[in-house]
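Written below as structure tokens is the structure these notes are about.
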Amino acid sequence: MERTIVHVDMDAFYAAVEQRDNPELRGKPVIVGAPKDAKRGVVSTCSYEARKYGVRSAMPISEAVRLCPDGVYLVPDMRRYVAVSRQIHKIFEEFTPVVEPVSIDEAFLDMTGCMHRYSDETDLGMRIKKRIAEETSLTASVGVSVNKLLAKLASDAKKPDGLVVVKSHQIDNFLFPMPLRRLYGVGKKTADALERKGLRLVSDVRRRGLEAVERDLGEFGRHLYRLCCGQDDRPVGVQSGAKSISREITFQTDISGLQTVLVNVAKLIPYVGQQLRRTGMRARTVTVKIRYSQGFATITRSTTLPESFDDDDTIYDAARQLVQGVDRLNAIRLVGVGVSGLREEKQASFLYNKEDRELTRVLDDINLKYGKQVVFRGRSLERLD
Ligand code: TTP
Ligand code: MG
């Protein structure tokens, strides 16, 4: 059966909240991330006025200042953004119980079987936008299509304040001019490699044909071709989002020794843990990955715990035991830590150590504010002995 999937994504989210709450900022380039004179810090987001200057998320503040010296630079105020995030996610629930929150300002809605309430997909999209505007005085961009892949591309296609509907007979027209790097799962490195093979747009892949693409790229080629046909069966649901969260470091010079490996593992864990907590998920499995410099041999070790977790300490304890069980800890080129078996789940309250919970929350808040790990636990400091 054909599905109706909606993707909603707020426009310039943090910056839009700032402009809403301070009318003087409206129409101005607003950069949220760090003060103008900050030595460190990155751009969380910026208003569309600032994007005209080339400012982008994740750019160092210093670079933003160089591009847009007259911008208004603000420190994020997560409390207000989270409050708005709650409001919009509540609105989604008014439309359907099948909601998959993706991030603070974004969600998928499965509206299959509910369409008799609307004259068509455009009507549905307009009503969602209208409810968000009434409730929050903010704009969102909405995409409506037959699956998650297309709905997300559609919501992004006419930002800000966009509404794009892609019906099944429009899929090819919509996708053909799309750069491959915009597709889910095609990262920058992959996109660069594809471009060297003459594949830049969806239409390039489609023209080359499934057989040739599969011959050249194997299993990934088949997957890519499917995406380029706009096929995506992933269901909307809390478990179908990220299946795992991981981080890794590649070293400029190889590392050796248990202590050094553990210090690096400890440095990665706050990133993994923070992302886990931000998505409101809990995990069951911890994985450690080690790549040796010689021949790029890679090993992974995993352990699944009896209880789900979302705290850094549990991840660290499990990772430490896994590393201790590895025979060879020299000439290491890369170390990674990941969690999987994700689900949205409340932990029994007796398992919580309240103070630790509070500490984690404060660390997350600070680190989120600065867009990087500025405060961390002692285990990730190099030992001098
Ligand atoms: P996005 O939806 O990616 O960006 P946006 O809402 O600011 O802009 P638009 O959707 O119109 O392109 O992210 C939502 C919020 O998440 C964003 O307002 C700030 C935060 N964020 C970061 O803190 N760091 C990042 O690198 C990104 C991409 C987002
Ligand atoms: Mg957004």
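Simple scheme: letters A, B, ... for chains in structure tokens order, numbers from 1 for residues in each chain, numbers from 1 for ligands in the order shown.
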Next on the checklist: Set the distance at 8 Å and use only C-alpha atoms: which residues neighbour stretch 326-340 of chain A once local chain neighbours fewer than 6 positions away are removed? I'd like the list as number ranges by chain.
Outcome noted: A: 243-258, 261, 264-265, 268-269, 272, 283-294, 315, 319
Item to check | All residues 12 Å or closer to A:Phe220, only C-alpha atoms, same chain fewer than 5 positions away omitted, as an MDAnalysis selection string | outcome: chainID A and resid 185:186 190 194 210 213:215 225:227
Just N, CA and C atoms for this one: save the residues we selected as a short mmCIF file (atom, residue, chain, number, x, y, z; two decimals), in the first residue's frame.
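Full text of out.cif as output:
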```cif
data_model
loop_
_atom_site.label_atom_id
_atom_site.label_comp_id
_atom_site.auth_asym_id
_atom_site.auth_seq_id
_atom_site.Cartn_x
_atom_site.Cartn_y
_atom_site.Cartn_z
N GLY A 185 22.83 8.70 3.72
CA GLY A 185 23.86 7.66 3.70
C GLY A 185 25.01 7.91 2.73
N VAL A 186 24.93 8.98 1.95
CA VAL A 186 26.04 9.32 1.06
C VAL A 186 26.79 10.50 1.67
N THR A 190 32.20 9.61 0.27
CA THR A 190 31.56 8.77 -0.73
C THR A 190 31.18 9.60 -1.95
N LEU A 194 32.37 9.08 -5.75
CA LEU A 194 31.41 8.87 -6.84
C LEU A 194 31.63 9.88 -7.95
N LEU A 210 21.41 -0.04 -13.36
CA LEU A 210 21.66 -0.87 -12.17
C LEU A 210 22.86 -1.80 -12.36
N VAL A 213 26.27 -0.02 -12.35
CA VAL A 213 26.56 0.57 -11.04
C VAL A 213 26.90 -0.53 -10.04
N GLU A 214 26.18 -1.64 -10.14
CA GLU A 214 26.43 -2.75 -9.22
C GLU A 214 27.78 -3.41 -9.52
N ARG A 215 28.09 -3.51 -10.79
CA ARG A 215 29.38 -4.10 -11.17
C ARG A 215 30.52 -3.26 -10.60
N TYR A 225 21.53 2.68 -6.13
CA TYR A 225 20.59 2.70 -7.24
C TYR A 225 19.15 2.74 -6.72
N ARG A 226 18.91 1.98 -5.67
CA ARG A 226 17.58 1.99 -5.05
C ARG A 226 17.21 3.39 -4.57
N LEU A 227 18.16 4.04 -3.90
CA LEU A 227 17.91 5.41 -3.43
C LEU A 227 17.60 6.32 -4.62
#
```
Item to check | Long-range neighbours of stretch 196-199 of chain A as JSON, numbers by chain, 10 Å cut-off, only C-alpha atoms, 6 positions minimum in chain | outcome: {"A": [179, 180, 190, 205, 206, 207, 208, 213, 216]}
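Using only C-alpha atoms and all ligand atoms, the nearest neighbour of ligand 1 within the list A:Pro60, A:Gly41, A:Pro160, A:Arg131 is A:Pro160.
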Residues of stretch 4-123 of chain A within 10 Å of stretch 162-167 of chain A: nearest atom pair and distance (Å, one decimal) for each, counting only C-alpha atoms, sorted by chain and number, as CSV?
```
residue,atom,partner,partner_atom,distance
A:Thr4,CA,A:Lys167,CA,9.4
A:Val6,CA,A:Val165,CA,9.2
A:Val8,CA,A:Leu163,CA,9.4
A:Asp9,CA,A:Gly162,CA,9.7
A:Asp11,CA,A:Gly162,CA,9.2
A:Asp120,CA,A:Val165,CA,9.9
A:Glu121,CA,A:Val165,CA,6.7
A:Thr122,CA,A:Val165,CA,6.6
```
Okay, now the selection with N, CA and C atoms, as an mmCIF file, in the first residue's frame?
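Heads up, here's the output in again.cif:
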```cif
data_model
loop_
_atom_site.group_PDB
_atom_site.id
_atom_site.type_symbol
_atom_site.label_atom_id
_atom_site.label_comp_id
_atom_site.auth_asym_id
_atom_site.auth_seq_id
_atom_site.Cartn_x
_atom_site.Cartn_y
_atom_site.Cartn_z
ATOM 1 N N THR A 4 1.742 7.634 3.177
ATOM 2 C CA THR A 4 1.865 9.094 3.179
ATOM 3 C C THR A 4 2.778 9.472 4.335
ATOM 4 N N VAL A 6 5.338 12.323 6.133
ATOM 5 C CA VAL A 6 5.616 13.759 6.224
ATOM 6 C C VAL A 6 6.929 13.961 6.973
ATOM 7 N N VAL A 8 8.923 17.141 8.820
ATOM 8 C CA VAL A 8 8.822 18.539 9.241
ATOM 9 C C VAL A 8 10.160 18.963 9.825
ATOM 10 N N ASP A 9 10.641 20.112 9.408
ATOM 11 C CA ASP A 9 11.919 20.624 9.923
ATOM 12 C C ASP A 9 11.812 22.136 10.090
ATOM 13 N N ASP A 11 12.747 26.047 10.490
ATOM 14 C CA ASP A 11 13.707 26.857 9.736
ATOM 15 C C ASP A 11 14.654 27.599 10.677
ATOM 16 N N ASP A 120 -6.122 16.978 0.360
ATOM 17 C CA ASP A 120 -5.001 16.328 -0.314
ATOM 18 C C ASP A 120 -3.718 16.558 0.507
ATOM 19 N N GLU A 121 -2.570 16.162 -0.041
ATOM 20 C CA GLU A 121 -1.303 16.267 0.692
ATOM 21 C C GLU A 121 -0.936 17.721 0.987
ATOM 22 N N THR A 122 -1.265 18.608 0.041
ATOM 23 C CA THR A 122 -0.945 20.022 0.240
ATOM 24 C C THR A 122 -1.749 20.576 1.420
#
```
Next on the checklist: To check your reading of the model: which residues sit at most 7 Å from ligand 2 when counting only C-alpha atoms and all ligand atoms? Write the answer as a list of chain:residue names.
Outcome noted: A:Asp9, A:Met10, A:Asp11, A:Ala12, A:Phe13, A:Asp105, A:Glu106
Write the residues you've just listed into a file as an mmCIF file, in the first residue's frame, and include all heavy atoms for each of them.
```cif
data_model
loop_
_atom_site.group_PDB
_atom_site.id
_atom_site.type_symbol
_atom_site.label_atom_id
_atom_site.label_comp_id
_atom_site.auth_asym_id
_atom_site.auth_seq_id
_atom_site.Cartn_x
_atom_site.Cartn_y
_atom_site.Cartn_z
ATOM 1 N N ASP A 9 10.641 20.112 9.408
ATOM 2 C CA ASP A 9 11.919 20.624 9.923
ATOM 3 C C ASP A 9 11.812 22.136 10.090
ATOM 4 O O ASP A 9 11.485 22.855 9.149
ATOM 5 C CB ASP A 9 13.040 20.273 8.931
ATOM 6 C CG ASP A 9 14.429 20.599 9.472
ATOM 7 O OD1 ASP A 9 14.600 21.669 10.077
ATOM 8 O OD2 ASP A 9 15.331 19.772 9.282
ATOM 9 N N MET A 10 12.045 22.609 11.309
ATOM 10 C CA MET A 10 11.938 24.036 11.586
ATOM 11 C C MET A 10 13.037 24.801 10.841
ATOM 12 O O MET A 10 14.130 24.289 10.627
ATOM 13 C CB MET A 10 12.069 24.291 13.085
ATOM 14 C CG MET A 10 11.043 23.549 13.938
ATOM 15 S SD MET A 10 9.347 24.059 13.601
ATOM 16 C CE MET A 10 9.356 25.694 14.345
ATOM 17 N N ASP A 11 12.747 26.047 10.490
ATOM 18 C CA ASP A 11 13.707 26.857 9.736
ATOM 19 C C ASP A 11 14.654 27.599 10.677
ATOM 20 O O ASP A 11 14.196 28.265 11.616
ATOM 21 C CB ASP A 11 12.947 27.874 8.873
ATOM 22 C CG ASP A 11 11.971 27.177 7.926
ATOM 23 O OD1 ASP A 11 12.361 26.162 7.329
ATOM 24 O OD2 ASP A 11 10.831 27.647 7.820
ATOM 25 N N ALA A 12 15.934 27.493 10.401
ATOM 26 C CA ALA A 12 16.979 28.204 11.161
ATOM 27 C C ALA A 12 16.658 28.179 12.657
ATOM 28 O O ALA A 12 16.651 29.225 13.318
ATOM 29 C CB ALA A 12 17.108 29.639 10.659
ATOM 30 N N PHE A 13 16.418 27.007 13.187
ATOM 31 C CA PHE A 13 15.674 26.862 14.432
ATOM 32 C C PHE A 13 16.134 27.778 15.585
ATOM 33 O O PHE A 13 15.366 28.629 16.036
ATOM 34 C CB PHE A 13 15.664 25.401 14.859
ATOM 35 C CG PHE A 13 14.821 25.119 16.055
ATOM 36 C CD1 PHE A 13 13.541 25.630 16.154
ATOM 37 C CD2 PHE A 13 15.310 24.347 17.100
ATOM 38 C CE1 PHE A 13 12.745 25.376 17.268
ATOM 39 C CE2 PHE A 13 14.525 24.086 18.214
ATOM 40 C CZ PHE A 13 13.243 24.608 18.299
ATOM 41 N N ASP A 105 14.458 19.730 16.197
ATOM 42 C CA ASP A 105 13.516 20.547 15.408
ATOM 43 C C ASP A 105 12.917 19.782 14.225
ATOM 44 O O ASP A 105 12.464 20.375 13.266
ATOM 45 C CB ASP A 105 14.207 21.817 14.911
ATOM 46 C CG ASP A 105 15.083 21.581 13.685
ATOM 47 O OD1 ASP A 105 15.649 20.477 13.558
ATOM 48 O OD2 ASP A 105 15.178 22.499 12.866
ATOM 49 N N GLU A 106 12.900 18.466 14.311
ATOM 50 C CA GLU A 106 12.618 17.691 13.097
ATOM 51 C C GLU A 106 11.941 16.360 13.447
ATOM 52 O O GLU A 106 12.284 15.740 14.440
ATOM 53 C CB GLU A 106 13.986 17.450 12.479
ATOM 54 C CG GLU A 106 14.088 16.682 11.261
ATOM 55 C CD GLU A 106 15.570 16.375 10.983
ATOM 56 O OE1 GLU A 106 16.465 16.848 11.705
ATOM 57 O OE2 GLU A 106 15.793 15.616 10.042
#
```
Next on the checklist: Need the shell around A:Leu149: protein/DNA/RNA residues with any atom at most 10 Å away, counting only C-alpha atoms. Skip same-chain ones fewer than 3 positions apart. Format as a ChimeraX atom specification?
Outcome noted: /A:5,7,145-146,152-154,183-184,227,230-234
Kindly assemble as a Markdown table a list of the chain A residues that lie within 10 Å of ligand 1, each paired with its nearest atom pair and their distance in Å to one decimal, using only C-alpha atoms and all ligand atoms, sorted first by chain and then by ascending residue number.
```
| residue | atom | partner | partner_atom_place_in_ligand_line | distance |
| --- | --- | --- | --- | --- |
| A:Val8 | CA | ligand 1 | 10 (O) | 9.4 |
| A:Asp9 | CA | ligand 1 | 10 (O) | 5.7 |
| A:Met10 | CA | ligand 1 | 6 (O) | 5.0 |
| A:Asp11 | CA | ligand 1 | 11 (O) | 3.3 |
| A:Ala12 | CA | ligand 1 | 7 (O) | 3.3 |
| A:Phe13 | CA | ligand 1 | 18 (O) | 3.7 |
| A:Tyr14 | CA | ligand 1 | 18 (O) | 4.1 |
| A:Ala15 | CA | ligand 1 | 18 (O) | 6.4 |
| A:Ala16 | CA | ligand 1 | 18 (O) | 7.9 |
| A:Val17 | CA | ligand 1 | 18 (O) | 8.9 |
| A:Ile31 | CA | ligand 1 | 7 (O) | 10.0 |
| A:Val32 | CA | ligand 1 | 19 (C) | 7.9 |
| A:Gly33 | CA | ligand 1 | 23 (O) | 7.6 |
| A:Val42 | CA | ligand 1 | 24 (N) | 8.1 |
| A:Val43 | CA | ligand 1 | 24 (N) | 6.9 |
| A:Ser44 | CA | ligand 1 | 23 (O) | 3.7 |
| A:Thr45 | CA | ligand 1 | 7 (O) | 4.6 |
| A:Cys46 | CA | ligand 1 | 7 (O) | 6.3 |
| A:Ser47 | CA | ligand 1 | 7 (O) | 7.5 |
| A:Tyr48 | CA | ligand 1 | 11 (O) | 7.6 |
| A:Arg51 | CA | ligand 1 | 12 (O) | 9.6 |
| A:Arg56 | CA | ligand 1 | 26 (O) | 8.4 |
| A:Ser57 | CA | ligand 1 | 26 (O) | 4.7 |
| A:Ala58 | CA | ligand 1 | 26 (O) | 4.5 |
| A:Met59 | CA | ligand 1 | 26 (O) | 8.2 |
| A:Pro76 | CA | ligand 1 | 23 (O) | 8.5 |
| A:Met78 | CA | ligand 1 | 23 (O) | 9.7 |
| A:Tyr81 | CA | ligand 1 | 18 (O) | 8.6 |
| A:Val102 | CA | ligand 1 | 2 (O) | 9.8 |
| A:Ser103 | CA | ligand 1 | 14 (C) | 7.2 |
| A:Ile104 | CA | ligand 1 | 14 (C) | 6.3 |
| A:Asp105 | CA | ligand 1 | 14 (C) | 5.4 |
| A:Glu106 | CA | ligand 1 | 2 (O) | 6.6 |
| A:Thr139 | CA | ligand 1 | 11 (O) | 9.2 |
| A:Ala140 | CA | ligand 1 | 11 (O) | 7.9 |
| A:Ser141 | CA | ligand 1 | 11 (O) | 7.7 |
| A:Ser155 | CA | ligand 1 | 10 (O) | 9.1 |
| A:Asp156 | CA | ligand 1 | 12 (O) | 7.6 |
| A:Lys158 | CA | ligand 1 | 11 (O) | 9.9 |
| A:Lys159 | CA | ligand 1 | 11 (O) | 6.2 |
| A:Pro160 | CA | ligand 1 | 11 (O) | 5.8 |
| A:Asp161 | CA | ligand 1 | 11 (O) | 8.5 |
| A:Gly162 | CA | ligand 1 | 11 (O) | 9.8 |
| A:Leu368 | CA | ligand 1 | 23 (O) | 7.2 |
| A:Lys369 | CA | ligand 1 | 23 (O) | 8.0 |
| A:Tyr370 | CA | ligand 1 | 23 (O) | 8.9 |
| A:Gly371 | CA | ligand 1 | 23 (O) | 6.4 |
| A:Lys372 | CA | ligand 1 | 24 (N) | 9.7 |
```
Mind dumping the selected residues with C-alpha atoms as a CSV table (one decimal), in the first residue's frame?
```
chain,number,residue,atom,x,y,z
A,8,VAL,CA,8.8,18.5,9.2
A,9,ASP,CA,11.9,20.6,9.9
A,10,MET,CA,11.9,24.0,11.6
A,11,ASP,CA,13.7,26.9,9.7
A,12,ALA,CA,17.0,28.2,11.2
A,13,PHE,CA,15.7,26.9,14.4
A,14,TYR,CA,17.8,28.4,17.2
A,15,ALA,CA,18.2,31.7,15.3
A,16,ALA,CA,14.5,31.9,14.5
A,17,VAL,CA,13.6,31.5,18.2
A,31,ILE,CA,24.6,33.7,14.4
A,32,VAL,CA,23.9,31.4,17.3
A,33,GLY,CA,26.9,29.6,18.8
A,42,VAL,CA,31.4,26.9,16.3
A,43,VAL,CA,28.2,28.1,14.7
A,44,SER,CA,25.2,26.1,15.9
A,45,THR,CA,23.0,27.7,13.3
A,46,CYS,CA,22.4,31.1,11.8
A,47,SER,CA,19.4,33.1,10.3
A,48,TYR,CA,18.8,33.0,6.6
A,51,ARG,CA,23.5,32.5,5.3
A,56,ARG,CA,27.0,27.8,8.0
A,57,SER,CA,26.4,25.4,10.9
A,58,ALA,CA,29.5,23.8,12.4
A,59,MET,CA,31.8,26.6,11.0
A,76,PRO,CA,22.7,29.3,22.6
A,78,MET,CA,19.0,25.6,25.1
A,81,TYR,CA,14.8,25.9,22.2
A,102,VAL,CA,14.7,12.9,14.6
A,103,SER,CA,16.2,15.9,16.3
A,104,ILE,CA,15.3,18.9,18.3
A,105,ASP,CA,13.5,20.5,15.4
A,106,GLU,CA,12.6,17.7,13.1
A,139,THR,CA,8.0,28.7,10.4
A,140,ALA,CA,8.7,25.1,9.5
A,141,SER,CA,9.4,23.5,6.1
A,155,SER,CA,11.1,19.4,3.2
A,156,ASP,CA,14.6,20.6,2.3
A,158,LYS,CA,12.1,24.9,-0.6
A,159,LYS,CA,13.5,26.1,2.7
A,160,PRO,CA,12.6,28.3,4.5
A,161,ASP,CA,8.8,28.2,5.0
A,162,GLY,CA,8.5,25.6,2.3
A,368,LEU,CA,26.1,21.5,23.8
A,369,LYS,CA,26.3,25.2,24.3
A,370,TYR,CA,29.9,25.3,23.1
A,371,GLY,CA,29.3,22.8,20.3
A,372,LYS,CA,32.2,20.6,21.5
```
Checklist entry - Among stretch 57-233 of chain A, which residues carry a DSSP assignment of strand (DSSP E or B), reported as a PyMOL selection string? => result chain A and resi 60+72-74+99-103+106-110+140-145+163-165+179+201
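The interatomic distance for the pair atom CA of A:Tyr73 and atom CA of A:Leu276 works out to 28.4 Å.
All residues of protein, DNA or RNA that reach within 7 Å of A:Gly273, judged by only C-alpha atoms and not counting those fewer than 5 positions away in the chain, are Asp310, Asp311 and Asp312 of chain A.
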Next on the checklist: DSSP on the backbone, helix (DSSP H, G or I) only: what residues of stretch 3-102 of chain A does that give? Format it as a VMD selection string.
Outcome noted: chain A and resid 13 to 21 23 to 25 48 to 51 61 to 67 78 to 95
Would you output that residue set with C-alpha atoms, as a CSV table (one decimal), in the first residue's frame?
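File produced: part-v1.csv:
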```csv
chain,number,residue,atom,x,y,z
A,13,PHE,CA,15.7,26.9,14.4
A,14,TYR,CA,17.8,28.4,17.2
A,15,ALA,CA,18.2,31.7,15.3
A,16,ALA,CA,14.5,31.9,14.5
A,17,VAL,CA,13.6,31.5,18.2
A,18,GLU,CA,16.0,34.3,19.0
A,19,GLN,CA,14.5,36.6,16.3
A,20,ARG,CA,11.0,35.8,17.5
A,21,ASP,CA,11.8,36.7,21.1
A,23,PRO,CA,12.1,41.8,17.5
A,24,GLU,CA,15.3,43.9,17.0
A,25,LEU,CA,17.0,40.9,15.6
A,48,TYR,CA,18.8,33.0,6.6
A,49,GLU,CA,20.1,36.6,6.5
A,50,ALA,CA,23.4,35.3,7.7
A,51,ARG,CA,23.5,32.5,5.3
A,61,ILE,CA,32.9,31.4,15.0
A,62,SER,CA,36.1,33.2,13.9
A,63,GLU,CA,35.4,32.3,10.3
A,64,ALA,CA,31.8,33.4,10.6
A,65,VAL,CA,33.0,36.8,12.0
A,66,ARG,CA,35.3,37.1,9.0
A,67,LEU,CA,32.4,36.5,6.6
A,78,MET,CA,19.0,25.6,25.1
A,79,ARG,CA,16.2,25.9,27.6
A,80,ARG,CA,14.1,28.0,25.3
A,81,TYR,CA,14.8,25.9,22.2
A,82,VAL,CA,13.9,22.7,24.1
A,83,ALA,CA,10.6,24.3,25.3
A,84,VAL,CA,9.7,25.0,21.6
A,85,SER,CA,10.8,21.6,20.6
A,86,ARG,CA,8.4,20.1,23.1
A,87,GLN,CA,5.6,22.3,21.7
A,88,ILE,CA,6.1,21.2,18.1
A,89,HIS,CA,6.5,17.5,19.0
A,90,LYS,CA,3.1,17.8,20.8
A,91,ILE,CA,1.6,19.2,17.7
A,92,PHE,CA,2.8,16.3,15.7
A,93,GLU,CA,1.0,14.0,18.1
A,94,GLU,CA,-2.3,15.8,17.2
A,95,PHE,CA,-1.9,14.7,13.7
```
Checklist entry - Taking into account only C-alpha atoms, which residue in the set A:Thr360, A:Thr279, A:Asn147, A:Asn22 is nearest to A:Val236? => result A:Asn147
